[in-house]
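S.K.: Hey, dropping model_18.txt in here, compact mmCIF, C-alpha atoms:
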# COMPACT_ATOMS: atom_id res chain seq x y z
CA MET L 79 -184.27 139.65 104.89
CA THR L 80 -184.55 137.53 108.02
CA SER L 81 -186.83 134.52 107.48
CA ILE L 82 -190.08 134.31 109.39
CA GLU L 83 -189.01 130.91 110.75
CA SER L 84 -185.88 132.39 112.33
CA LEU L 85 -187.92 135.27 113.73
CA ALA L 86 -190.32 132.77 115.30
CA GLU L 87 -187.39 130.97 116.91
CA LEU L 88 -186.12 134.29 118.25
CA VAL L 89 -189.56 135.00 119.71
CA ILE L 90 -189.59 131.61 121.44
CA GLU L 91 -186.20 132.19 123.04
CA ARG L 92 -187.13 135.69 124.12
CA THR L 93 -190.43 134.41 125.55
CA LYS L 94 -188.58 131.89 127.69
CA LEU L 95 -186.23 134.58 129.00
CA LEU L 96 -188.94 137.12 129.69
CA ALA L 97 -191.25 134.61 131.40
CA SER L 98 -188.41 133.60 133.73
CA VAL L 99 -188.27 137.13 135.17
CA PRO L 100 -190.94 138.03 137.78
CA ALA L 101 -192.89 141.17 136.92
CA PRO L 102 -195.90 141.76 139.18
CA SER L 103 -197.71 145.02 138.51
CA PHE L 104 -195.67 148.03 139.72
CA ASP L 105 -192.48 145.90 139.65
CA GLU L 106 -191.74 145.53 135.94
CA SER L 107 -188.41 147.38 135.69
CA GLU L 108 -186.25 144.27 135.24
CA ARG L 109 -188.33 143.10 132.30
CA ALA L 110 -188.44 146.62 130.88
CA GLU L 111 -184.65 146.79 130.84
CA ILE L 112 -184.44 143.46 129.01
CA VAL L 113 -186.86 144.70 126.36
CA ARG L 114 -185.04 148.01 126.00
CA LYS L 115 -181.78 146.18 125.28
CA TRP L 116 -183.47 143.98 122.68
CA TRP L 117 -184.99 146.95 120.92
CA ASP L 118 -181.80 149.01 121.04
CA ASP L 119 -180.31 146.42 118.67
CA ASP L 120 -183.20 146.74 116.20
CA PHE L 121 -184.31 150.37 116.21
CA ASP L 122 -182.75 153.82 116.34
CA LEU L 123 -185.21 155.47 118.71
CA VAL L 124 -185.90 153.56 121.95
CA THR L 125 -186.86 155.08 125.29
CA ILE L 126 -188.33 154.22 128.70
CA ASP L 127 -190.83 156.82 129.87
CA SER L 128 -191.42 158.11 133.39
CA VAL L 129 -193.75 155.26 134.45
CA GLY L 130 -191.63 152.48 132.94
CA ASN L 131 -193.20 151.88 129.52
CA VAL L 132 -190.72 150.98 126.76
CA TRP L 133 -191.22 152.72 123.38
CA ALA L 134 -189.55 152.11 120.01
CA ALA L 135 -190.07 153.85 116.68
CA VAL L 136 -190.31 151.14 114.00
CA GLN L 137 -190.97 153.44 111.05
CA GLN L 138 -191.45 157.18 111.21
CA GLY L 139 -193.66 159.16 108.90
CA ASP L 140 -196.26 161.87 108.72
CA GLY L 141 -199.50 161.72 110.62
CA PRO L 142 -200.58 159.95 113.81
CA ALA L 143 -198.95 156.61 114.59
CA ILE L 144 -200.35 153.15 114.89
CA VAL L 145 -199.02 151.86 118.21
CA VAL L 146 -198.74 148.11 118.81
CA ALA L 147 -198.60 147.35 122.54
CA ALA L 148 -198.15 144.39 124.88
CA HIS L 149 -197.96 144.45 128.65
CA LEU L 150 -194.91 143.61 130.76
CA ASP L 151 -196.65 142.85 134.05
CA THR L 152 -198.11 139.57 135.29
CA VAL L 153 -200.45 138.40 138.05
CA PHE L 154 -197.67 136.39 139.77
CA ASP L 155 -195.58 137.64 142.66
CA ARG L 156 -191.94 136.79 143.30
CA THR L 157 -192.77 133.77 145.48
CA VAL L 158 -194.06 131.86 142.43
CA SER L 159 -191.56 129.75 140.49
CA HIS L 160 -191.03 131.28 137.05
CA GLU L 161 -189.40 128.27 135.43
CA THR L 162 -190.56 127.35 131.93
CA ARG L 163 -190.48 124.00 130.17
CA THR L 164 -191.11 122.78 126.65
CA ASP L 165 -193.10 119.60 126.11
CA GLY L 166 -194.68 118.28 122.93
CA GLY L 167 -194.64 121.52 121.00
CA ARG L 168 -195.90 123.57 123.93
CA LEU L 169 -194.16 126.02 126.22
CA TYR L 170 -195.38 125.93 129.83
CA GLY L 171 -194.89 128.47 132.61
CA PRO L 172 -196.39 131.49 134.34
CA SER L 173 -197.04 134.37 131.90
CA VAL L 174 -195.77 132.59 128.76
CA GLY L 175 -198.96 133.53 126.93
CA ASP L 176 -200.13 136.45 129.05
CA ASP L 177 -198.19 138.33 127.97
CA SER L 178 -194.54 137.32 127.50
CA VAL L 179 -194.87 135.93 123.98
CA ALA L 180 -196.72 139.07 122.91
CA VAL L 181 -193.96 141.36 124.20
CA ALA L 182 -191.37 139.14 122.53
CA ALA L 183 -193.31 139.28 119.26
CA LEU L 184 -193.48 143.06 118.90
CA ALA L 185 -190.04 143.65 117.42
CA ALA L 186 -190.19 140.48 115.32
CA ALA L 187 -193.47 141.48 113.69
CA ALA L 188 -192.05 144.96 113.09
CA ARG L 189 -189.18 143.44 111.09
CA LEU L 190 -191.71 141.87 108.71
CA LEU L 191 -193.23 145.21 107.76
CA PRO L 192 -192.61 146.55 104.26
CA ASP L 193 -191.10 149.99 103.88
CA GLY L 194 -193.51 152.89 103.69
CA CYS L 195 -195.93 151.91 106.46
CA GLY L 196 -195.94 155.45 107.78
CA ASN L 197 -195.68 156.10 111.50
CA VAL L 198 -195.44 152.80 113.41
CA TRP L 199 -194.35 152.38 117.04
CA ILE L 200 -194.19 149.45 119.43
CA LEU L 201 -194.81 149.76 123.14
CA ALA L 202 -194.29 147.51 126.17
CA THR L 203 -196.60 148.74 128.92
CA VAL L 204 -196.65 148.49 132.71
CA GLY L 205 -199.65 148.13 135.01
CA GLU L 206 -202.11 146.30 132.75
CA GLU L 207 -203.03 143.50 135.13
CA GLY L 208 -205.32 143.66 138.15
CA LEU L 209 -204.79 146.67 140.38
CA GLY L 210 -202.37 148.13 137.87
CA ASN L 211 -205.55 149.68 136.47
CA LEU L 212 -204.04 150.26 133.00
CA ALA L 213 -201.53 152.69 134.48
CA GLY L 214 -198.98 152.27 131.70
CA ILE L 215 -201.24 152.65 128.69
CA ARG L 216 -203.15 155.51 130.31
CA HIS L 217 -199.86 157.36 130.76
CA ALA L 218 -198.78 156.52 127.21
CA LEU L 219 -201.98 157.94 125.76
CA ALA L 220 -201.80 161.06 127.90
CA ASN L 221 -198.07 161.58 127.28
CA PRO L 222 -197.33 159.97 123.90
CA GLN L 223 -193.91 159.88 122.29
CA THR L 224 -195.76 160.60 119.03
CA PRO L 225 -199.39 161.46 118.22
CA ILE L 226 -201.42 158.23 118.32
CA GLY L 227 -204.07 157.47 115.72
CA ALA L 228 -204.78 153.79 116.44
CA LEU L 229 -203.77 151.08 118.89
CA ILE L 230 -203.39 147.31 118.68
CA ALA L 231 -203.12 145.54 122.04
CA VAL L 232 -201.39 142.18 121.66
CA GLU L 233 -202.45 139.35 123.98
CA GLY L 234 -200.20 136.38 123.36
CA ASN L 235 -202.56 133.42 123.13
CA TRP L 236 -205.42 134.96 121.13
CA LEU L 237 -204.51 134.01 117.56
CA GLY L 238 -207.77 134.01 115.58
CA ARG L 239 -209.55 136.40 117.92
CA VAL L 240 -210.20 140.01 116.99
CA CYS L 241 -211.31 141.75 120.16
CA LEU L 242 -213.42 144.70 119.06
CA THR L 243 -215.31 145.23 122.34
CA ALA L 244 -213.46 146.45 125.41
CA VAL L 245 -215.18 145.11 128.51
CA GLY L 246 -215.36 147.84 131.13
CA SER L 247 -214.96 147.19 134.83
CA THR L 248 -215.47 148.97 138.13
CA ARG L 249 -213.82 147.60 141.26
CA TYR L 250 -214.47 148.58 144.86
CA ARG L 251 -213.55 147.54 148.38
CA ILE L 252 -216.72 148.10 150.37
CA THR L 253 -216.21 148.22 154.13
CA LEU L 254 -218.98 148.06 156.74
CA ARG L 255 -218.36 149.28 160.30
CA GLY L 256 -220.40 149.06 163.49
CA LEU L 257 -220.15 148.91 167.26
CA GLY L 258 -219.11 145.27 167.60
CA GLY L 259 -219.51 143.47 170.90
CA HIS L 260 -220.11 140.18 172.68
CA ALA L 261 -222.14 137.64 170.72
CA TRP L 262 -224.60 137.23 173.66
CA GLU L 263 -224.34 140.40 175.73
CA ALA L 264 -224.61 142.60 172.59
CA ALA L 265 -226.99 140.31 170.73
CA GLU L 266 -228.97 143.30 169.40
CA VAL L 267 -225.88 144.88 167.76
CA ASP L 268 -225.62 144.48 163.98
CA SER L 269 -222.52 142.56 162.94
CA ALA L 270 -220.45 143.93 160.06
CA VAL L 271 -219.88 140.34 158.88
CA HIS L 272 -223.65 139.79 158.77
CA GLY L 273 -224.01 143.05 156.84
CA VAL L 274 -221.50 141.93 154.25
CA ALA L 275 -223.23 138.55 154.02
CA ARG L 276 -226.62 140.18 153.44
CA ILE L 277 -225.27 142.35 150.64
CA VAL L 278 -223.31 139.59 148.91
CA ALA L 279 -226.26 137.19 149.12
CA ALA L 280 -228.50 139.80 147.48
CA LEU L 281 -226.15 140.46 144.54
CA ASP L 282 -227.80 137.78 142.42
CA ASP L 283 -230.99 139.86 142.48
CA ILE L 284 -229.42 143.05 141.13
CA PRO L 285 -231.27 144.23 138.01
CA ARG L 286 -229.14 143.49 134.95
CA PRO L 287 -229.19 145.44 131.68
CA THR L 288 -230.73 143.43 128.86
CA ASP L 289 -228.79 145.08 126.03
CA ALA L 290 -225.27 144.17 127.19
CA LYS L 291 -223.38 141.31 128.79
CA THR L 292 -222.54 141.89 132.46
CA ALA L 293 -220.72 140.09 135.28
CA ILE L 294 -220.52 140.55 139.06
CA ASN L 295 -217.83 138.91 141.18
CA VAL L 296 -216.91 139.15 144.85
CA GLY L 297 -213.34 137.93 144.96
CA LEU L 298 -212.38 138.60 148.60
CA ILE L 299 -214.21 138.91 151.93
CA ARG L 300 -212.55 139.95 155.20
CA GLY L 301 -213.71 140.64 158.73
CA GLY L 302 -214.35 139.59 162.28
CA THR L 303 -212.11 138.83 165.23
CA ALA L 304 -213.62 135.78 167.01
CA ILE L 305 -216.48 133.30 166.76
CA ASN L 306 -218.17 134.81 169.80
CA ALA L 307 -217.74 138.49 168.89
CA LYS L 308 -219.97 140.70 166.78
CA ALA L 309 -217.72 142.02 164.01
CA ALA L 310 -217.01 145.73 164.20
CA GLU L 311 -215.64 145.76 160.67
CA ALA L 312 -215.87 143.63 157.53
CA SER L 313 -215.23 144.26 153.86
CA PHE L 314 -215.55 142.72 150.44
CA ASP L 315 -213.86 143.37 147.08
CA ILE L 316 -216.23 143.45 144.14
CA ASP L 317 -215.62 143.51 140.40
CA LEU L 318 -218.42 144.75 138.10
CA ARG L 319 -218.02 144.21 134.35
CA ALA L 320 -220.06 145.14 131.30
CA SER L 321 -219.66 145.25 127.55
CA SER L 322 -220.88 148.86 127.36
CA GLN L 323 -220.21 151.90 129.50
CA ALA L 324 -223.91 152.63 129.93
CA ALA L 325 -224.53 149.11 131.24
CA LEU L 326 -221.57 149.41 133.60
CA ASN L 327 -222.91 152.69 134.97
CA ASP L 328 -226.32 151.09 135.52
CA LEU L 329 -224.73 148.13 137.29
CA GLU L 330 -222.80 150.41 139.66
CA GLU L 331 -225.92 152.40 140.47
CA ALA L 332 -227.80 149.18 141.23
CA LEU L 333 -224.99 148.09 143.55
CA ARG L 334 -225.08 151.37 145.45
CA THR L 335 -228.85 151.05 145.91
CA LEU L 336 -228.48 147.49 147.16
CA VAL L 337 -225.76 148.42 149.68
CA GLU L 338 -227.93 151.18 151.12
CA THR L 339 -230.88 148.78 151.32
CA TYR L 340 -229.04 146.02 153.19
CA ARG L 341 -226.48 147.76 155.39
CA ARG L 342 -229.04 148.68 158.11
CA SER L 343 -227.32 150.32 161.11
CA LEU L 344 -223.77 149.96 159.80
CA GLU L 345 -221.58 152.69 158.34
CA VAL L 346 -220.27 152.07 154.83
CA ASP L 347 -217.05 153.15 153.11
CA TRP L 348 -216.34 152.80 149.36
CA GLU L 349 -212.72 152.54 148.19
CA SER L 350 -212.14 152.51 144.43
CA LEU L 351 -209.73 149.75 143.36
CA GLY L 352 -209.85 150.48 139.66
CA GLN L 353 -211.91 151.72 136.76
CA ARG L 354 -211.61 150.36 133.22
CA PRO L 355 -213.72 152.15 130.63
CA ALA L 356 -215.76 150.16 128.12
CA GLY L 357 -215.73 150.83 124.38
CA SER L 358 -215.79 149.27 120.94
CA ILE L 359 -215.26 149.68 117.23
CA SER L 360 -217.53 148.20 114.59
CA PRO L 361 -216.53 145.22 112.42
CA ASP L 362 -216.45 147.48 109.39
CA HIS L 363 -213.98 149.94 110.94
CA GLU L 364 -210.80 150.07 108.86
CA LEU L 365 -208.69 148.75 111.75
CA ALA L 366 -211.04 145.78 112.23
CA VAL L 367 -211.10 145.07 108.50
CA ALA L 368 -207.29 145.16 108.43
CA ALA L 369 -207.12 142.46 111.13
CA ILE L 370 -209.91 140.30 109.69
CA ASP L 371 -208.31 140.39 106.24
CA ALA L 372 -204.88 139.54 107.68
CA LEU L 373 -206.31 136.47 109.39
CA ALA L 374 -208.17 135.46 106.21
CA GLY L 375 -204.89 135.68 104.32
CA ALA L 376 -203.48 133.09 106.74
CA GLY L 377 -206.52 130.85 106.29
CA ILE L 378 -207.99 131.72 109.71
CA ALA L 379 -211.61 132.77 110.21
CA ALA L 380 -211.73 135.72 112.60
CA GLU L 381 -213.64 135.32 115.87
CA LEU L 382 -214.97 138.72 116.99
CA THR L 383 -214.77 138.87 120.78
CA ALA L 384 -214.94 141.05 123.89
CA ALA L 385 -212.32 141.32 126.64
CA SER L 386 -210.46 143.72 128.91
CA THR L 387 -207.03 144.83 127.63
CA ASP L 388 -204.87 147.92 127.14
CA ALA L 389 -207.29 148.77 124.31
CA ASN L 390 -209.85 149.89 126.92
CA ALA L 391 -207.84 153.00 127.69
CA ALA L 392 -207.60 153.90 124.01
CA HIS L 393 -211.37 153.75 123.54
CA ALA L 394 -211.78 156.10 126.51
CA VAL L 395 -209.82 158.87 124.73
CA GLY L 396 -211.31 158.30 121.29
CA VAL L 397 -208.46 156.30 119.77
CA PRO L 398 -209.69 153.31 117.71
CA ALA L 399 -208.31 150.09 119.13
CA LEU L 400 -208.58 146.31 119.14
CA ALA L 401 -206.71 143.32 120.53
CA LEU L 402 -205.06 140.44 118.66
CA GLY L 403 -202.89 137.41 119.49
CA VAL L 404 -199.82 135.68 118.09
CA THR L 405 -200.42 132.05 119.05
CA ILE L 406 -202.92 129.84 120.89
CA GLY L 407 -202.83 128.57 124.44
CA SER L 408 -204.67 128.42 127.73
CA GLY L 409 -204.31 128.45 131.51
CA GLU L 410 -203.53 132.15 131.74
CA HIS L 411 -203.23 133.49 135.30
CA THR L 412 -202.20 130.02 136.53
CA PRO L 413 -198.72 128.50 136.97
CA GLY L 414 -199.69 125.84 134.40
CA GLU L 415 -200.19 128.36 131.60
CA TRP L 416 -199.13 127.13 128.15
CA ILE L 417 -198.82 128.22 124.52
CA GLU L 418 -198.41 126.35 121.24
CA LEU L 419 -195.09 127.11 119.55
CA SER L 420 -195.81 126.17 115.94
CA PRO L 421 -198.43 128.92 115.27
CA ILE L 422 -196.08 131.75 116.28
CA ALA L 423 -194.75 132.27 112.74
CA THR L 424 -198.30 132.61 111.46
CA GLY L 425 -199.17 134.96 114.29
CA LEU L 426 -196.21 137.21 113.49
CA GLN L 427 -197.26 137.43 109.85
CA VAL L 428 -200.88 138.17 110.77
CA LEU L 429 -199.79 140.96 113.11
CA ALA L 430 -197.48 142.47 110.49
CA ASP L 431 -200.17 142.19 107.79
CA THR L 432 -202.73 143.86 110.06
CA ILE L 433 -200.40 146.83 110.52
CA SER L 434 -199.55 147.11 106.83
CA ASN L 435 -203.19 146.62 105.74
CA PHE L 436 -204.23 149.44 108.05
CA THR L 437 -201.46 151.84 107.12
CA ARG L 438 -202.05 151.30 103.39
CA GLY L 439 -205.58 152.53 103.94
CA THR L 440 -204.59 155.57 106.00
CA THR L 441 -201.34 156.86 104.47
Now that the file is in, can you turn its structure into structure tokens?

M.R.:
Amino acid sequence: MTSIESLAELVIERTKLLASVPAPSFDESERAEIVRKWWDDDFDLVTIDSVGNVWAAVQQGDGPAIVVAAHLDTVFDRTVSHETRTDGGRLYGPSVGDDSVAVAALAAAARLLPDGCGNVWILATVGEEGLGNLAGIRHALANPQTPIGALIAVEGNWLGRVCLTAVGSTRYRITLRGLGGHAWEAAEVDSAVHGVARIVAALDDIPRPTDAKTAINVGLIRGGTAINAKAAEASFDIDLRASSQAALNDLEEALRTLVETYRRSLEVDWESLGQRPAGSISPDHELAVAAIDALAGAGIAAELTAASTDANAAHAVGVPALALGVTIGSGEHTPGEWIELSPIATGLQVLADTISNFTRGTT
């Protein structure tokens, strides 16, 4: 049997290679081909589906599978340097933790599984980040290679976290349009820029649900043509998030009411930029217990958390899901992202133990 130390070294080398390859959402094919070649050496059944997800059957058995997934895409475009460097026990570089090390860990953790774990598959998904809108995992759940009974989403730098709550999000580009005109001669005309400003300034006063955590963020504002012209068009991109679907629905309704209140004489257009459903499993669910016990076996106290991952899509179709990590790190979504290398062996064992703990209880 291959030692866990050698598997951890393999994961590190594969992480460096994968992180060096750009993979913005909708442009993951080069990474997918690398992963397919890796998995062809380890497993008998490997395939790339019609949207670019890579699947591999680790063990095949009766009943629905537990699928362990990590995403191929990143938030960085091809203009960003994808060089990595190692310094003081850390690996630095764009996407090393989110989510290159997780993709690299899937096959390694699978090799630690005992025989008889039932139906276990690994999956490298596309379109998890940003405007990818969970395209890969949504397709995988709608068109599975095998019936799916549970899902673990692996986020590289989350070792110790057990993400049981999937934070839902709703994203829109809201565009206001009016007549425009000269700043003096058309002084009575409502400016689309002013309309956007009114709405954004009023966001802090939106009623918030008291039974869930929520967040509102305007990430981009556009509009106007000149300092002395009333803007005929302006827009803003808004991200609403909540830890429950009901709270997210309430937040969206409050936003729509606010826009109608503050737009005045301007026309308004709503363009959906993405919808991520919220969901959760309880700490006493057998999948959660499997992960918590695996961490305890490694001497790590589980931190129960909430986040947005591929697990969101599973909750939406009634598949129990959570998210785990394989090491620790920080700086995700920045070029200075880093991960610790020494915990990777522990993370691989925890992931393998979570799978085997769960399958022992369900097979």

S.K.: So how far away is atom CA of L:Trp416 from atom CA of L:Leu365, in Å?

M.R.: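 It comes out at 28.8 Å.
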
S.K.: Between L:Ser322, L:Asn435, L:Asn131, L:Thr157, which residue has the minimum interatomic distance to L:Asn221, considering all atoms listed in the file?

M.R.: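 So, comparing all the options, the nearest one is L:Asn131.
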
S.K.: Return as CSV the residues of stretch 323-429 of chain L lying at most 8 Å from stretch 283-299 of chain L, together with the closest atom-to-atom pair for each and the distance in Å to one decimal, counting all atoms listed in the file, with rows in chain order and ascending residue number.

M.R.:
residue,atom,partner,partner_atom,distance
L:Ala325,CA,L:Pro287,CA,5.9
L:Leu326,CA,L:Thr292,CA,7.7
L:Asp328,CA,L:Pro287,CA,7.4
L:Leu329,CA,L:Arg286,CA,6.8
L:Ala332,CA,L:Ile284,CA,6.3
L:Leu333,CA,L:Ile284,CA,7.1
L:Leu336,CA,L:Ile284,CA,7.5

S.K.: Measure the distance from atom CA of L:Ala180 to atom CA of L:Glu233 in Å and round it to one decimal.

M.R.: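 Atom CA of L:Glu233 lies at a distance of 5.8 Å from atom CA of L:Ala180.
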
S.K.: L:Ser313: which residues within 8 Å, counting only C-alpha atoms, same-chain residues fewer than 3 positions away excluded, as a list in words?

M.R.: Arg251, Ile252, Thr253, Leu254, Val271, Val274, Ile299, Arg300 and Gly301 of chain L

S.K.: Select, from L:Ala423, L:Ala279, L:Val367, L:Ala218, the residue with the minimum atom-to-atom distance to L:Ser81, counting only C-alpha atoms.

M.R.: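 Checking each of L:Ala423, L:Ala279, L:Val367, L:Ala218 against L:Ser81, counting only C-alpha atoms, the winner is L:Ala423.
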
S.K.: In Å to one decimal, how far is atom CA of L:Ser178 from atom CA of L:Gly234?

M.R.: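 Distance reported for this atom pair: 7.1 Å.
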
S.K.: So, counting all atoms listed in the file, which residue among L:Arg276, L:His363, L:Lys308, L:His149 is closest to L:Thr339?

M.R.: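 The answer is L:Arg276, which sits nearest to L:Thr339.
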
S.K.: So, counting all atoms listed in the file, which residue among L:Pro172, L:Gly196, L:Pro100, L:Gly352 is closest to L:Gly139?

M.R.: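 The answer is L:Gly196, which sits nearest to L:Gly139.
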
S.K.: Starting from the sparse input, extend stretch 139-152 of chain L to N, CA, C and O atoms and give the output as a PDB file, keeping the file's coordinate frame.

M.R.:
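To be explicit, this is the file written out as selection.pdb:
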ATOM      1  N   GLY L 139    -193.075 158.497 110.051  1.00  0.00           N
ATOM      2  CA  GLY L 139    -193.660 159.160 108.900  1.00  0.00           C
ATOM      3  C   GLY L 139    -194.601 160.244 109.357  1.00  0.00           C
ATOM      4  O   GLY L 139    -194.696 160.563 110.549  1.00  0.00           O
ATOM      5  N   ASP L 140    -195.324 160.807 108.403  1.00  0.00           N
ATOM      6  CA  ASP L 140    -196.260 161.870 108.720  1.00  0.00           C
ATOM      7  C   ASP L 140    -197.532 161.287 109.325  1.00  0.00           C
ATOM      8  O   ASP L 140    -197.899 160.143 109.091  1.00  0.00           O
ATOM      9  N   GLY L 141    -198.206 162.105 110.092  1.00  0.00           N
ATOM     10  CA  GLY L 141    -199.500 161.720 110.620  1.00  0.00           C
ATOM     11  C   GLY L 141    -199.400 160.924 111.911  1.00  0.00           C
ATOM     12  O   GLY L 141    -198.322 160.488 112.335  1.00  0.00           O
ATOM     13  N   PRO L 142    -200.540 160.713 112.548  1.00  0.00           N
ATOM     14  CA  PRO L 142    -200.580 159.950 113.810  1.00  0.00           C
ATOM     15  C   PRO L 142    -200.097 158.523 113.605  1.00  0.00           C
ATOM     16  O   PRO L 142    -200.258 157.933 112.528  1.00  0.00           O
ATOM     17  N   ALA L 143    -199.537 157.953 114.659  1.00  0.00           N
ATOM     18  CA  ALA L 143    -198.950 156.610 114.590  1.00  0.00           C
ATOM     19  C   ALA L 143    -199.985 155.540 114.894  1.00  0.00           C
ATOM     20  O   ALA L 143    -200.969 155.766 115.605  1.00  0.00           O
ATOM     21  N   ILE L 144    -199.726 154.346 114.363  1.00  0.00           N
ATOM     22  CA  ILE L 144    -200.350 153.150 114.890  1.00  0.00           C
ATOM     23  C   ILE L 144    -199.376 152.569 115.903  1.00  0.00           C
ATOM     24  O   ILE L 144    -198.190 152.361 115.610  1.00  0.00           O
ATOM     25  N   VAL L 145    -199.845 152.371 117.114  1.00  0.00           N
ATOM     26  CA  VAL L 145    -199.020 151.860 118.210  1.00  0.00           C
ATOM     27  C   VAL L 145    -199.451 150.428 118.495  1.00  0.00           C
ATOM     28  O   VAL L 145    -200.646 150.148 118.664  1.00  0.00           O
ATOM     29  N   VAL L 146    -198.481 149.522 118.541  1.00  0.00           N
ATOM     30  CA  VAL L 146    -198.740 148.110 118.810  1.00  0.00           C
ATOM     31  C   VAL L 146    -198.149 147.807 120.183  1.00  0.00           C
ATOM     32  O   VAL L 146    -196.941 147.931 120.389  1.00  0.00           O
ATOM     33  N   ALA L 147    -199.002 147.429 121.137  1.00  0.00           N
ATOM     34  CA  ALA L 147    -198.600 147.350 122.540  1.00  0.00           C
ATOM     35  C   ALA L 147    -198.830 145.968 123.122  1.00  0.00           C
ATOM     36  O   ALA L 147    -199.756 145.254 122.733  1.00  0.00           O
ATOM     37  N   ALA L 148    -197.980 145.606 124.075  1.00  0.00           N
ATOM     38  CA  ALA L 148    -198.150 144.390 124.880  1.00  0.00           C
ATOM     39  C   ALA L 148    -197.670 144.709 126.281  1.00  0.00           C
ATOM     40  O   ALA L 148    -196.757 145.515 126.458  1.00  0.00           O
ATOM     41  N   HIS L 149    -198.257 144.055 127.281  1.00  0.00           N
ATOM     42  CA  HIS L 149    -197.960 144.450 128.650  1.00  0.00           C
ATOM     43  C   HIS L 149    -196.870 143.592 129.289  1.00  0.00           C
ATOM     44  O   HIS L 149    -196.813 142.381 129.082  1.00  0.00           O
ATOM     45  N   LEU L 150    -196.036 144.253 130.076  1.00  0.00           N
ATOM     46  CA  LEU L 150    -194.910 143.610 130.760  1.00  0.00           C
ATOM     47  C   LEU L 150    -195.324 142.890 132.034  1.00  0.00           C
ATOM     48  O   LEU L 150    -194.684 141.897 132.428  1.00  0.00           O
ATOM     49  N   ASP L 151    -196.349 143.366 132.709  1.00  0.00           N
ATOM     50  CA  ASP L 151    -196.650 142.850 134.050  1.00  0.00           C
ATOM     51  C   ASP L 151    -197.438 141.544 134.009  1.00  0.00           C
ATOM     52  O   ASP L 151    -198.038 141.180 132.990  1.00  0.00           O
ATOM     53  N   THR L 152    -197.417 140.845 135.135  1.00  0.00           N
ATOM     54  CA  THR L 152    -198.110 139.570 135.290  1.00  0.00           C
ATOM     55  C   THR L 152    -198.904 139.586 136.585  1.00  0.00           C
ATOM     56  O   THR L 152    -198.786 140.503 137.402  1.00  0.00           O
TER      57      THR L 152
END
